[in-house]
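Undergrad: Supplied structure: protein_35.cif, mmCIF, C-alpha atoms.
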```
data_input
loop_
_atom_site.label_atom_id
_atom_site.label_comp_id
_atom_site.auth_asym_id
_atom_site.auth_seq_id
_atom_site.Cartn_x
_atom_site.Cartn_y
_atom_site.Cartn_z
CA MET F 1 8.51 97.64 29.11
CA THR F 2 10.58 95.20 27.06
CA ALA F 3 9.02 92.16 25.42
CA PRO F 4 9.99 88.82 27.00
CA ARG F 5 12.74 86.97 25.18
CA PRO F 6 11.43 83.95 23.25
CA GLN F 7 12.21 80.68 25.00
CA ARG F 8 14.94 78.63 23.41
CA ARG F 9 14.36 74.98 22.58
CA VAL F 10 16.63 71.96 22.87
CA PHE F 11 16.12 68.54 21.31
CA ILE F 12 18.08 65.74 23.03
CA LYS F 13 18.16 62.26 21.52
CA SER F 14 19.56 59.37 23.57
CA TYR F 15 21.11 56.21 22.16
CA GLY F 16 22.01 53.02 24.01
CA CYS F 17 21.99 52.41 27.74
CA GLN F 18 19.99 53.78 30.67
CA MET F 19 23.04 55.78 31.73
CA ASN F 20 22.62 57.85 28.58
CA VAL F 21 18.96 58.43 29.44
CA TYR F 22 20.02 59.70 32.87
CA ASP F 23 22.75 61.87 31.33
CA SER F 24 20.25 63.36 28.88
CA GLU F 25 17.92 64.28 31.74
CA ARG F 26 20.78 65.99 33.58
CA MET F 27 21.79 67.84 30.40
CA ALA F 28 18.28 69.27 30.35
CA ASP F 29 18.79 70.36 33.98
CA VAL F 30 22.07 72.09 33.05
CA LEU F 31 20.43 73.87 30.11
CA ALA F 32 17.24 74.98 31.92
CA PRO F 33 18.87 78.03 33.59
CA LEU F 34 19.95 79.17 30.11
CA GLY F 35 16.31 79.31 29.06
CA TYR F 36 16.19 76.03 27.14
CA ALA F 37 12.94 74.04 27.17
CA LEU F 38 12.69 70.57 25.68
CA SER F 39 11.57 70.19 22.08
CA GLU F 40 9.93 67.06 20.70
CA SER F 41 11.64 67.45 17.31
CA PRO F 42 14.90 68.83 15.90
CA ASP F 43 12.83 70.88 13.43
CA THR F 44 11.84 73.32 16.17
CA ALA F 45 15.06 73.24 18.20
CA ASP F 46 17.72 75.92 18.59
CA LEU F 47 20.09 73.31 20.02
CA VAL F 48 20.26 69.63 19.05
CA VAL F 49 22.22 67.20 21.23
CA LEU F 50 22.79 63.60 20.14
CA ASN F 51 23.78 61.62 23.24
CA THR F 52 25.56 58.66 21.71
CA CYS F 53 26.50 55.06 22.46
CA HIS F 54 29.68 53.37 21.22
CA ILE F 55 29.01 49.77 22.23
CA ARG F 56 28.16 48.55 18.73
CA GLU F 57 29.22 49.69 15.29
CA LYS F 58 25.64 50.06 14.03
CA ALA F 59 24.88 52.50 16.84
CA THR F 60 27.77 54.69 15.72
CA GLU F 61 26.67 54.68 12.10
CA LYS F 62 23.12 55.61 13.16
CA VAL F 63 24.58 58.77 14.71
CA TYR F 64 26.26 59.81 11.47
CA SER F 65 23.06 59.08 9.55
CA GLU F 66 21.07 61.22 11.98
CA LEU F 67 23.64 64.00 11.70
CA GLY F 68 23.10 64.04 7.95
CA ARG F 69 19.37 64.61 8.44
CA ILE F 70 19.90 67.32 11.05
CA LYS F 71 22.47 69.05 8.85
CA ALA F 72 19.72 69.54 6.24
CA ILE F 73 17.44 71.08 8.89
CA LYS F 74 20.26 73.36 10.02
CA ARG F 75 20.78 74.51 6.42
CA GLU F 76 17.06 75.31 6.06
CA ARG F 77 17.07 77.23 9.33
CA ALA F 78 20.13 79.22 8.25
CA ALA F 79 18.42 80.15 4.97
CA ALA F 80 15.57 81.56 7.08
CA GLY F 81 18.05 83.59 9.15
CA GLU F 82 17.84 81.31 12.19
CA ARG F 83 20.73 79.73 14.09
CA MET F 84 20.82 76.06 15.08
CA ILE F 85 23.65 74.54 17.15
CA ILE F 86 24.43 70.83 16.78
CA ALA F 87 26.28 68.97 19.54
CA VAL F 88 27.38 65.35 19.82
CA ALA F 89 27.67 63.99 23.36
CA GLY F 90 28.27 60.61 24.97
CA CYS F 91 30.61 57.74 24.26
CA VAL F 92 30.99 58.20 20.48
CA ALA F 93 31.96 61.79 21.24
CA GLN F 94 34.55 60.54 23.73
CA ALA F 95 36.02 57.96 21.35
CA GLU F 96 35.77 59.76 18.02
CA GLY F 97 35.52 63.46 18.82
CA ALA F 98 38.04 64.73 16.27
CA GLU F 99 36.71 62.33 13.62
CA ILE F 100 33.15 63.59 14.17
CA MET F 101 34.23 67.20 13.65
CA ARG F 102 36.14 66.18 10.50
CA ARG F 103 33.47 63.90 9.07
CA GLN F 104 30.50 66.16 9.78
CA PRO F 105 31.43 69.88 9.76
CA ALA F 106 27.85 70.83 10.64
CA VAL F 107 28.60 69.74 14.23
CA ASP F 108 29.36 72.80 16.37
CA PHE F 109 30.93 71.00 19.32
CA VAL F 110 31.57 67.59 20.86
CA VAL F 111 31.30 66.78 24.57
CA GLY F 112 32.21 63.52 26.31
CA PRO F 113 30.08 61.81 28.99
CA GLN F 114 32.20 63.21 31.83
CA SER F 115 32.09 66.79 30.59
CA TYR F 116 28.47 67.69 29.82
CA HIS F 117 28.42 70.05 32.81
CA ARG F 118 30.43 72.29 30.45
CA LEU F 119 27.50 72.65 28.02
CA PRO F 120 26.86 76.33 28.87
CA GLU F 121 30.52 77.19 28.20
CA LEU F 122 30.57 75.23 24.94
CA ILE F 123 27.34 76.82 23.72
CA ALA F 124 28.77 80.27 24.41
CA ARG F 125 31.96 79.35 22.55
CA ALA F 126 29.95 78.06 19.59
CA HIS F 127 28.04 81.34 19.41
CA ARG F 128 31.32 83.29 19.45
CA GLY F 129 32.98 81.00 16.90
CA VAL F 130 35.78 80.14 19.34
CA ASP F 131 37.97 77.10 18.72
CA GLU F 132 38.57 74.26 21.23
CA LEU F 133 35.07 72.89 20.88
CA LEU F 134 35.93 69.37 21.96
CA ALA F 135 35.51 68.53 25.66
CA ALA F 136 36.34 64.94 26.59
CA ASP F 137 38.07 64.92 29.96
CA PHE F 138 37.76 62.04 32.45
CA THR F 139 36.56 64.04 35.45
CA PRO F 140 33.37 62.42 36.79
CA HIS F 141 33.74 64.04 40.22
CA GLU F 142 33.83 67.47 38.58
CA LYS F 143 30.79 66.62 36.49
CA PHE F 144 28.64 65.57 39.44
CA ASP F 145 29.87 68.47 41.59
CA ALA F 146 28.89 70.93 38.86
CA LEU F 147 25.42 69.56 38.14
CA PRO F 148 22.42 71.46 39.53
CA SER F 149 21.40 70.06 42.91
CA ALA F 150 17.72 70.48 42.04
CA ARG F 151 16.32 67.87 39.70
CA GLY F 152 12.77 67.84 38.48
CA ALA F 153 10.82 64.59 38.46
CA THR F 154 9.06 63.81 35.18
CA GLY F 155 7.16 60.70 36.24
CA VAL F 156 6.78 58.09 38.95
CA THR F 157 10.00 56.27 38.01
CA ALA F 158 13.49 57.69 37.59
CA PHE F 159 17.09 56.75 36.93
CA LEU F 160 19.79 57.80 39.38
CA SER F 161 23.48 57.47 38.49
CA VAL F 162 25.60 56.21 41.41
CA GLN F 163 28.67 54.79 39.68
CA GLU F 164 30.48 55.38 36.40
CA GLY F 165 33.33 53.79 34.50
CA CYS F 166 34.80 50.31 34.52
CA ASP F 167 38.05 48.67 35.61
CA LYS F 168 37.25 45.20 34.25
CA PHE F 169 38.61 45.65 30.68
CA CYS F 170 36.60 42.96 28.96
CA THR F 171 38.34 42.55 25.63
CA PHE F 172 35.22 43.39 23.56
CA CYS F 173 34.21 46.52 25.46
CA VAL F 174 34.97 50.22 24.92
CA VAL F 175 33.53 51.45 28.24
CA PRO F 176 36.87 51.72 30.09
CA TYR F 177 38.12 53.93 27.26
CA THR F 178 35.00 56.10 26.89
CA ARG F 179 33.78 56.32 30.49
CA GLY F 180 37.08 55.97 32.33
CA ALA F 181 37.96 54.22 35.58
CA GLU F 182 35.35 53.20 38.14
CA TYR F 183 34.08 56.14 40.17
CA SER F 184 31.46 56.09 42.93
CA ARG F 185 29.44 59.17 43.82
CA PRO F 186 29.32 60.28 47.46
CA SER F 187 26.40 58.66 49.23
CA ASP F 188 25.14 61.97 50.67
CA ALA F 189 24.76 63.38 47.16
CA ILE F 190 22.95 60.25 45.99
CA GLU F 191 20.56 60.33 48.94
CA ALA F 192 19.89 64.05 48.42
CA GLU F 193 19.01 63.46 44.76
CA ALA F 194 16.82 60.48 45.67
CA ARG F 195 14.95 62.55 48.27
CA THR F 196 14.41 65.35 45.74
CA LEU F 197 12.99 62.87 43.24
CA THR F 198 10.74 61.27 45.84
CA ARG F 199 9.37 64.63 46.95
CA GLY F 200 8.54 65.23 43.29
CA GLY F 201 6.39 62.11 43.12
CA VAL F 202 8.91 59.40 42.12
CA ARG F 203 8.04 56.04 43.67
CA GLU F 204 10.67 53.86 41.97
CA ILE F 205 14.36 54.59 41.42
CA THR F 206 16.78 52.55 39.30
CA LEU F 207 20.39 52.96 40.41
CA LEU F 208 22.73 53.13 37.42
CA GLY F 209 26.35 52.32 36.75
CA GLN F 210 28.50 50.65 34.14
CA ASN F 211 29.30 48.21 36.96
CA VAL F 212 26.80 49.42 39.51
CA ASN F 213 27.53 46.68 42.03
CA ALA F 214 31.17 47.86 42.12
CA TYR F 215 29.86 50.93 43.97
CA GLN F 216 31.98 51.77 47.01
CA ASN F 217 30.19 53.76 49.69
CA ASP F 218 32.31 56.61 51.07
CA ARG F 219 30.78 55.83 54.48
CA GLY F 220 31.83 52.20 54.26
CA GLY F 221 30.13 49.29 52.62
CA GLY F 222 29.10 48.89 49.02
CA LEU F 223 25.93 48.95 46.99
CA ALA F 224 24.01 46.97 49.61
CA ALA F 225 24.67 49.64 52.25
CA LEU F 226 23.54 52.34 49.83
CA ILE F 227 20.34 50.43 48.98
CA ARG F 228 19.49 50.00 52.66
CA ARG F 229 20.01 53.73 53.22
CA LEU F 230 17.80 54.72 50.29
CA ALA F 231 15.11 52.23 51.30
CA ALA F 232 14.53 54.31 54.45
CA ILE F 233 13.43 57.36 52.40
CA PRO F 234 9.69 57.97 52.98
CA GLY F 235 7.67 57.49 49.83
CA LEU F 236 10.32 55.53 47.92
CA ALA F 237 8.58 52.21 47.33
CA ARG F 238 10.85 50.44 44.86
CA ILE F 239 14.58 50.23 44.15
CA ARG F 240 16.29 48.55 41.20
CA TYR F 241 19.88 48.60 39.93
CA THR F 242 21.65 47.90 36.65
CA THR F 243 24.08 46.87 35.17
CA SER F 244 25.97 44.41 37.37
CA HIS F 245 29.09 42.30 36.95
CA PRO F 246 29.26 38.79 38.45
CA ARG F 247 32.66 39.58 40.01
CA ASP F 248 31.11 42.35 42.14
CA MET F 249 28.07 40.45 43.43
CA ASP F 250 29.09 40.20 47.10
CA ASP F 251 27.45 38.52 50.09
CA ALA F 252 26.00 41.77 51.42
CA LEU F 253 24.22 42.53 48.15
CA ILE F 254 22.88 38.99 47.88
CA ALA F 255 21.56 39.27 51.45
CA ALA F 256 19.90 42.60 50.64
CA HIS F 257 17.77 40.87 48.02
CA GLY F 258 16.25 38.74 50.75
CA GLU F 259 16.00 41.41 53.44
CA VAL F 260 15.13 44.77 51.81
CA SER F 261 11.48 44.76 50.74
CA ALA F 262 11.92 47.82 48.50
CA LEU F 263 14.60 46.03 46.42
CA MET F 264 12.74 44.47 43.52
CA PRO F 265 13.15 40.75 42.75
CA TYR F 266 14.67 41.31 39.32
CA LEU F 267 18.40 41.06 38.67
CA HIS F 268 20.21 41.90 35.43
CA LEU F 269 23.47 39.94 35.65
CA PRO F 270 25.28 39.60 32.29
CA VAL F 271 27.28 36.45 31.62
CA GLN F 272 27.99 36.98 27.85
CA SER F 273 28.91 33.33 27.15
CA GLY F 274 28.55 29.87 28.64
CA SER F 275 31.94 28.73 27.38
CA ASP F 276 34.90 29.02 29.76
CA ARG F 277 37.26 29.22 26.78
CA ILE F 278 35.39 32.23 25.39
CA LEU F 279 34.98 33.79 28.84
CA ARG F 280 38.78 33.69 29.24
CA ALA F 281 39.21 35.30 25.81
CA MET F 282 36.72 37.97 26.87
CA ASN F 283 38.65 38.56 30.13
CA ARG F 284 35.44 38.22 32.10
CA GLY F 285 37.15 36.95 35.24
CA HIS F 286 34.55 34.27 36.00
CA THR F 287 33.62 30.84 34.70
CA ALA F 288 30.28 29.41 33.68
CA GLU F 289 30.30 27.25 36.81
CA SER F 290 31.05 30.18 39.15
CA TYR F 291 28.23 32.14 37.50
CA LEU F 292 25.77 29.28 38.02
CA ARG F 293 26.79 28.90 41.67
CA LEU F 294 26.31 32.65 42.12
CA ILE F 295 22.79 32.37 40.71
CA GLU F 296 22.10 29.56 43.20
CA ARG F 297 23.13 31.83 46.10
CA VAL F 298 20.97 34.68 44.86
CA ARG F 299 17.96 32.40 44.49
CA ALA F 300 18.55 30.97 47.95
CA ALA F 301 18.30 34.50 49.34
CA ARG F 302 15.30 35.47 47.18
CA PRO F 303 13.57 32.38 45.73
CA ASP F 304 11.16 34.39 43.55
CA ILE F 305 13.87 36.47 41.87
CA ALA F 306 13.81 36.78 38.08
CA LEU F 307 17.03 36.89 36.06
CA SER F 308 18.02 38.90 33.02
CA GLY F 309 21.30 38.68 31.13
CA ASP F 310 23.46 39.80 28.21
CA PHE F 311 24.83 37.45 25.54
CA ILE F 312 27.30 37.90 22.71
CA VAL F 313 27.41 35.38 19.86
CA GLY F 314 30.19 35.08 17.32
CA PHE F 315 33.03 36.33 19.51
CA PRO F 316 36.38 35.69 17.77
CA GLY F 317 37.25 32.01 18.04
CA GLU F 318 33.76 30.88 19.09
CA ARG F 319 33.11 27.34 17.92
CA GLU F 320 29.85 25.44 17.74
CA ALA F 321 30.77 23.69 21.03
CA ASP F 322 31.26 27.08 22.72
CA PHE F 323 27.88 28.25 21.46
CA ALA F 324 26.27 25.00 22.63
CA ALA F 325 27.69 25.70 26.11
CA THR F 326 25.97 29.08 26.07
CA LEU F 327 22.64 27.49 25.17
CA ALA F 328 23.13 24.94 27.97
CA LEU F 329 23.75 27.71 30.51
CA ILE F 330 20.63 29.54 29.37
CA ARG F 331 18.54 26.40 29.80
CA GLU F 332 19.91 25.86 33.30
CA VAL F 333 19.34 29.44 34.49
CA SER F 334 16.02 30.15 32.71
CA TYR F 335 15.86 33.89 32.07
CA ALA F 336 12.86 36.20 32.33
CA GLY F 337 14.48 38.55 29.82
CA ALA F 338 17.77 39.15 28.07
CA PHE F 339 19.71 41.26 25.58
CA SER F 340 21.61 39.41 22.88
CA PHE F 341 23.87 40.63 20.10
CA LYS F 342 26.30 39.55 17.44
CA TYR F 343 29.88 40.41 18.29
CA SER F 344 30.72 43.84 16.90
CA ARG F 345 34.36 44.77 16.43
CA ARG F 346 35.25 48.01 18.21
CA PRO F 347 38.57 49.58 17.15
CA GLY F 348 41.01 49.97 20.01
CA THR F 349 39.75 47.00 22.01
CA PRO F 350 41.92 43.87 22.39
CA ALA F 351 39.30 41.69 20.68
CA ALA F 352 39.53 43.84 17.56
CA ALA F 353 42.98 42.36 16.88
CA MET F 354 42.00 38.74 17.53
CA ALA F 355 42.13 36.23 14.71
CA SER F 356 39.68 33.36 14.05
CA ARG F 357 36.77 35.59 13.18
CA VAL F 358 33.37 33.96 12.95
CA ASP F 359 31.63 34.16 9.59
CA GLU F 360 28.77 36.68 9.55
CA ALA F 361 26.30 34.11 8.27
CA GLU F 362 27.27 31.82 11.15
CA LYS F 363 26.79 34.68 13.62
CA ASP F 364 23.35 35.34 12.19
CA GLU F 365 22.32 31.70 12.44
CA ARG F 366 23.55 31.39 16.03
CA LEU F 367 21.83 34.60 17.08
CA VAL F 368 18.53 33.33 15.69
CA ARG F 369 18.83 30.09 17.66
CA LEU F 370 19.86 31.86 20.85
CA GLN F 371 17.08 34.46 20.65
CA ALA F 372 14.49 31.78 19.98
CA LEU F 373 15.46 30.02 23.21
CA LEU F 374 15.46 33.26 25.20
CA GLU F 375 12.09 34.25 23.75
CA ASP F 376 10.61 30.87 24.71
CA GLN F 377 11.82 31.40 28.28
CA ARG F 378 10.46 34.95 28.42
CA ARG F 379 7.05 33.86 27.16
CA ALA F 380 6.97 31.01 29.67
CA PHE F 381 7.85 33.38 32.50
CA ASN F 382 5.09 35.79 31.52
CA ALA F 383 2.55 33.00 31.01
CA ALA F 384 3.28 31.67 34.51
CA THR F 385 1.97 34.92 36.01
CA VAL F 386 -1.52 34.45 34.55
CA GLY F 387 -3.99 33.58 37.29
CA ARG F 388 -1.84 35.19 39.97
CA SER F 389 -1.92 38.62 41.56
CA ALA F 390 0.92 41.12 41.34
CA PRO F 391 1.55 44.50 42.97
CA VAL F 392 1.63 46.96 40.07
CA LEU F 393 3.08 50.47 40.20
CA PHE F 394 1.01 52.47 37.73
CA GLU F 395 3.07 54.90 35.64
CA LYS F 396 0.94 56.44 32.88
CA ARG F 397 -2.20 56.39 30.78
CA GLY F 398 -2.60 53.70 28.15
CA ARG F 399 -3.44 54.17 24.51
CA HIS F 400 -7.10 53.36 25.03
CA PRO F 401 -9.61 55.46 27.00
CA GLY F 402 -9.79 54.41 30.64
CA GLN F 403 -6.60 52.34 30.39
CA ILE F 404 -3.56 52.74 32.63
CA ILE F 405 -0.15 51.06 32.43
CA GLY F 406 2.19 50.00 35.18
CA ARG F 407 5.00 47.61 36.00
CA SER F 408 5.11 44.44 38.06
CA PRO F 409 8.05 43.83 40.41
CA TYR F 410 9.57 41.84 37.52
CA LEU F 411 9.54 44.82 35.11
CA GLN F 412 6.62 43.40 33.15
CA ALA F 413 4.31 46.00 31.59
CA VAL F 414 0.77 45.54 32.91
CA HIS F 415 -2.30 47.04 31.18
CA CYS F 416 -5.43 47.55 33.23
CA ALA F 417 -8.67 49.52 33.21
CA GLY F 418 -8.63 52.16 35.91
CA PRO F 419 -8.75 55.87 36.72
CA ASP F 420 -5.82 58.26 36.25
CA SER F 421 -5.81 58.76 40.02
CA LEU F 422 -4.04 55.39 40.30
CA ILE F 423 -0.92 56.73 38.56
CA GLY F 424 1.84 56.75 41.15
CA GLN F 425 0.02 54.17 43.28
CA ILE F 426 0.75 50.47 43.82
CA GLU F 427 -2.24 48.15 43.68
CA SER F 428 -2.64 44.39 43.63
CA ILE F 429 -3.81 43.35 40.18
CA ALA F 430 -5.16 39.98 39.05
CA ILE F 431 -3.20 38.98 35.91
CA THR F 432 -5.63 37.65 33.31
CA ALA F 433 -3.56 37.30 30.13
CA ALA F 434 -0.01 37.43 28.76
CA SER F 435 0.67 38.83 25.29
CA HIS F 436 3.92 39.19 23.36
CA ASN F 437 5.23 42.22 25.26
CA SER F 438 2.91 42.79 28.20
CA LEU F 439 0.38 41.45 30.68
CA ALA F 440 -3.30 42.26 31.03
CA GLY F 441 -4.88 42.56 34.44
CA GLU F 442 -7.99 43.45 36.37
CA ARG F 443 -8.36 45.46 39.54
CA ARG F 444 -9.74 43.67 42.56
CA VAL F 445 -13.14 45.02 43.53
CA MET F 446 -13.23 45.58 47.27
CA GLU F 447 -16.33 44.17 48.92
CA THR F 448 -18.18 46.52 51.20
CA ALA F 449 -20.43 45.53 54.08
#
```
Show me the file's structure as structure tokens.

TA:
Amino acid sequence: MTAPRPQRRVFIKSYGCQMNVYDSERMADVLAPLGYALSESPDTADLVVLNTCHIREKATEKVYSELGRIKAIKRERAAAGERMIIAVAGCVAQAEGAEIMRRQPAVDFVVGPQSYHRLPELIARAHRGVDELLAADFTPHEKFDALPSARGATGVTAFLSVQEGCDKFCTFCVVPYTRGAEYSRPSDAIEAEARTLTRGGVREITLLGQNVNAYQNDRGGGLAALIRRLAAIPGLARIRYTTSHPRDMDDALIAAHGEVSALMPYLHLPVQSGSDRILRAMNRGHTAESYLRLIERVRAARPDIALSGDFIVGFPGEREADFAATLALIREVSYAGAFSFKYSRRPGTPAAAMASRVDEAEKDERLVRLQALLEDQRRAFNAATVGRSAPVLFEKRGRHPGQIIGRSPYLQAVHCAGPDSLIGQIESIAITAASHNSLAGERRVMETA
């Protein structure tokens, strides 16, 4: 009788967007048949995968810094006679694959976001010392076709990728170059994955895409038709989607917000700037006015909807008047949450060659002012929930004994005293307080006769 082979361990670190989180989960699915279990640390891993983001320059430099630390671990493992494989995946891999291999020789192979289904092949090649260890093809249909159909649920919420790539070519953005053209997954495959997740205990699914509302259903219709189809799955209580583009917010999707009870009243709809001059320079394809009218239509369909957005300050050529227009738009919309950044030059994008760069100190000052306004709005939104009741989907235990944590329909974290048996359940909770990052609530005590 032979002794069982020790289980191999993989450490996967995700940077950036929710799509990367989804991709990392599917990488784990691809690696499971090879005997890889997840490791909490690179120190104990046989394989380390950094799943990278290329949206901002700092994110890229963080990857190289992390590679330096992992290289030292790899050297220690080699001295002990143990083999560690280092892989870089994601959008930095797609954009800078050859540079990564040159700059950090400790990396064994590089795999782009459309090619991670080739991980088993690349691992085998790395073990054999074979060349051609860079996989960065734009073949999303091949990737999804090759992924394991079975997918294990790891909680009560899950991401589900339905669309990849982008055809919008905003001048600041690398996504069209790292993720390729827009591609929509077949609806049957999406429904099958959603049903598998739901059978595993998932109650809430967030549909993902670089421009998720550009999804084109192979059976006809767009994202709204897909949402209506998924809403019929027994046990699936909540549906969300991100990230959207204003140009793809059609009438059917707006109507779905008012008609599909499972579709949560929270919409992330990036605008980037409130200045039409800057929006034209960004090639956004919409104006501030058209964005505001779109918000009016969404709110008419779902009056209690909460809005989230993305904002860039310091885009080349941005003047104080342009920035003031952005602040004015924010005040008119009133956001429940937002992501905001200083413009970061990405080589290869049209904006990288634009003149009239904004001084870094000016960028910093504008970002502080913008974030202060957004934070005031977020706090006001959270404070307005105090004294009301909200249906909360409980997701996990809290840090304190007897505490559980869930999410409101508006993505607010809610802390409450309650038993673990509530995890995976939705219960109406009386909101009693709003802190910096979360809400506190109390369960309603049911009166008995």

Undergrad: Going by the chain IDs and residue numbers used in this file, which residues fall under the PyMOL selection byres ((chain F and resi 384-388) around 12)? Write them as a PyMOL selection string.

TA: chain F and resi 304+336+377-383+389-391+408-410+412+414+428-435+438-442+444

Undergrad: Residues at most 9 Å from Arg357 of chain F, counting all atoms listed in the file, excluding those fewer than 3 positions away in the same chain, as a ChimeraX atom specification?

TA: /F:314-318,354,360

Undergrad: Once the PyMOL selection byres ((chain F and resi 23) around 9) is applied to the coordinates I shared, what remains selected? I want it as a list in words.

TA: Ser14, Gln18, Met19, Asn20, Val21, Tyr22, Ser24, Glu25, Arg26, Met27, Ala28, Asn51, Gly90, Pro113, Tyr116 and Ser161 of chain F

Undergrad: Quick one: write out the picked residues with C-alpha atoms as a tab-separated table (two decimals), in the coordinates of the input?

TA:
```tsv
chain	number	residue	atom	x	y	z
F	14	SER	CA	19.56	59.37	23.57
F	18	GLN	CA	19.99	53.78	30.67
F	19	MET	CA	23.04	55.78	31.73
F	20	ASN	CA	22.62	57.85	28.58
F	21	VAL	CA	18.96	58.43	29.44
F	22	TYR	CA	20.02	59.70	32.87
F	24	SER	CA	20.25	63.36	28.88
F	25	GLU	CA	17.92	64.28	31.74
F	26	ARG	CA	20.78	65.99	33.58
F	27	MET	CA	21.79	67.84	30.40
F	28	ALA	CA	18.28	69.27	30.35
F	51	ASN	CA	23.78	61.62	23.24
F	90	GLY	CA	28.27	60.61	24.97
F	113	PRO	CA	30.08	61.81	28.99
F	116	TYR	CA	28.47	67.69	29.82
F	161	SER	CA	23.48	57.47	38.49
```

Undergrad: What does the PyMOL selection byres ((chain F and resi 105) around 12) select in this file, as a PyMOL selection string?

TA: chain F and resi 64+67-68+70-71+74+85-88+97-104+106-110

Undergrad: Need to verify the contact set: segment 337-346 of chain F, 7 Å, only C-alpha atoms, exclusion of same-chain residues closer than 4 positions in sequence. Can you return it as a PDB file with C-alpha atoms, in the coordinates of the input?

TA:
```
ATOM      1  CA  ARG F  56      28.160  48.550  18.730  1.00  0.00           C
ATOM      2  CA  GLU F  57      29.220  49.690  15.290  1.00  0.00           C
ATOM      3  CA  LEU F 307      17.030  36.890  36.060  1.00  0.00           C
ATOM      4  CA  SER F 308      18.020  38.900  33.020  1.00  0.00           C
ATOM      5  CA  GLY F 309      21.300  38.680  31.130  1.00  0.00           C
ATOM      6  CA  ASP F 310      23.460  39.800  28.210  1.00  0.00           C
ATOM      7  CA  PHE F 311      24.830  37.450  25.540  1.00  0.00           C
ATOM      8  CA  ILE F 312      27.300  37.900  22.710  1.00  0.00           C
ATOM      9  CA  VAL F 313      27.410  35.380  19.860  1.00  0.00           C
ATOM     10  CA  GLY F 314      30.190  35.080  17.320  1.00  0.00           C
ATOM     11  CA  PHE F 315      33.030  36.330  19.510  1.00  0.00           C
ATOM     12  CA  ALA F 352      39.530  43.840  17.560  1.00  0.00           C
ATOM     13  CA  LYS F 363      26.790  34.680  13.620  1.00  0.00           C
ATOM     14  CA  LEU F 367      21.830  34.600  17.080  1.00  0.00           C
ATOM     15  CA  LEU F 374      15.460  33.260  25.200  1.00  0.00           C
ATOM     16  CA  ARG F 378      10.460  34.950  28.420  1.00  0.00           C
TER      17      ARG F 378
END
```

Undergrad: Using all atoms listed in the file for the distances, tell me which of F:Thr171, F:Val212, F:Ser356, F:Glu332 is nearest to Arg280 of chain F.

TA: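 Nearest candidate to Arg280 of chain F out of F:Thr171, F:Val212, F:Ser356, F:Glu332: F:Thr171.
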
Undergrad: Identify which of the residues F:Val48, F:Leu197, F:Ala93, F:Ala256 lies closest to Leu226 of chain F, counting all atoms listed in the file when measuring atom-to-atom distances.

TA: F:Ala256

Undergrad: Which one of F:Pro42, F:Ile239, F:Arg229, F:Ala95 sits closest to Ala72 of chain F if you count all atoms listed in the file?

TA: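 Nearest candidate to Ala72 of chain F out of F:Pro42, F:Ile239, F:Arg229, F:Ala95: F:Pro42.
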
Undergrad: Hey, can you check how far atom CA of His436 of chain F sits from atom CA of His415 of chain F?

TA: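 Taking atom CA of His436 of chain F and atom CA of His415 of chain F, their separation equals 12.7 Å.
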
Undergrad: What does the distance from atom CA of Glu204 of chain F to atom CA of Ala224 of chain F come to in Å, to one decimal?

TA: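 Between atom CA of Glu204 of chain F and atom CA of Ala224 of chain F the gap works out to 16.8 Å.
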
Undergrad: Just to confirm, what's the straight-line distance from atom CA of Glu427 of chain F to atom CA of Ala225 of chain F in Å (one decimal)?

TA: 28.3 Å

Undergrad: Which neighbours of Gln403 of chain F fall inside 12 Å, counting only C-alpha atoms, when residues of the same chain fewer than 5 positions from it are skipped, and could you give them as a list in words?

TA: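 Residues near the query, excluding close chain neighbours: Phe394, Glu395, Lys396, Arg397, Gly398, Val414, His415, Cys416, Ala417, Gly418, Pro419, Asp420, Ser421, Leu422, Ile423, Ala440, Gly441, Glu442 and Arg443 of chain F.
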
Undergrad: Counting only C-alpha atoms, give me one row per residue of segment 279-343 of chain F with an atom at most 10 Å from an atom of segment 244-255 of chain F, showing the shortest contact pair and its distance in Å to one decimal, sorted by chain then residue number, as JSON lines.

TA:
```
{"residue": "F:Arg284", "atom": "CA", "partner": "F:Arg247", "partner_atom": "CA", "distance": 8.5}
{"residue": "F:Gly285", "atom": "CA", "partner": "F:Arg247", "partner_atom": "CA", "distance": 7.1}
{"residue": "F:His286", "atom": "CA", "partner": "F:Arg247", "partner_atom": "CA", "distance": 6.9}
{"residue": "F:Thr287", "atom": "CA", "partner": "F:Pro246", "partner_atom": "CA", "distance": 9.8}
{"residue": "F:Ser290", "atom": "CA", "partner": "F:Pro246", "partner_atom": "CA", "distance": 8.8}
{"residue": "F:Tyr291", "atom": "CA", "partner": "F:Pro246", "partner_atom": "CA", "distance": 6.8}
{"residue": "F:Leu294", "atom": "CA", "partner": "F:Pro246", "partner_atom": "CA", "distance": 7.7}
{"residue": "F:Ile295", "atom": "CA", "partner": "F:Pro246", "partner_atom": "CA", "distance": 9.4}
{"residue": "F:Arg297", "atom": "CA", "partner": "F:Ile254", "partner_atom": "CA", "distance": 7.4}
{"residue": "F:Val298", "atom": "CA", "partner": "F:Ile254", "partner_atom": "CA", "distance": 5.6}
{"residue": "F:Arg299", "atom": "CA", "partner": "F:Ile254", "partner_atom": "CA", "distance": 8.9}
{"residue": "F:Ala300", "atom": "CA", "partner": "F:Ile254", "partner_atom": "CA", "distance": 9.1}
{"residue": "F:Ala301", "atom": "CA", "partner": "F:Ala255", "partner_atom": "CA", "distance": 6.2}
{"residue": "F:Arg302", "atom": "CA", "partner": "F:Ile254", "partner_atom": "CA", "distance": 8.4}
{"residue": "F:Gly309", "atom": "CA", "partner": "F:Ser244", "partner_atom": "CA", "distance": 9.7}
```
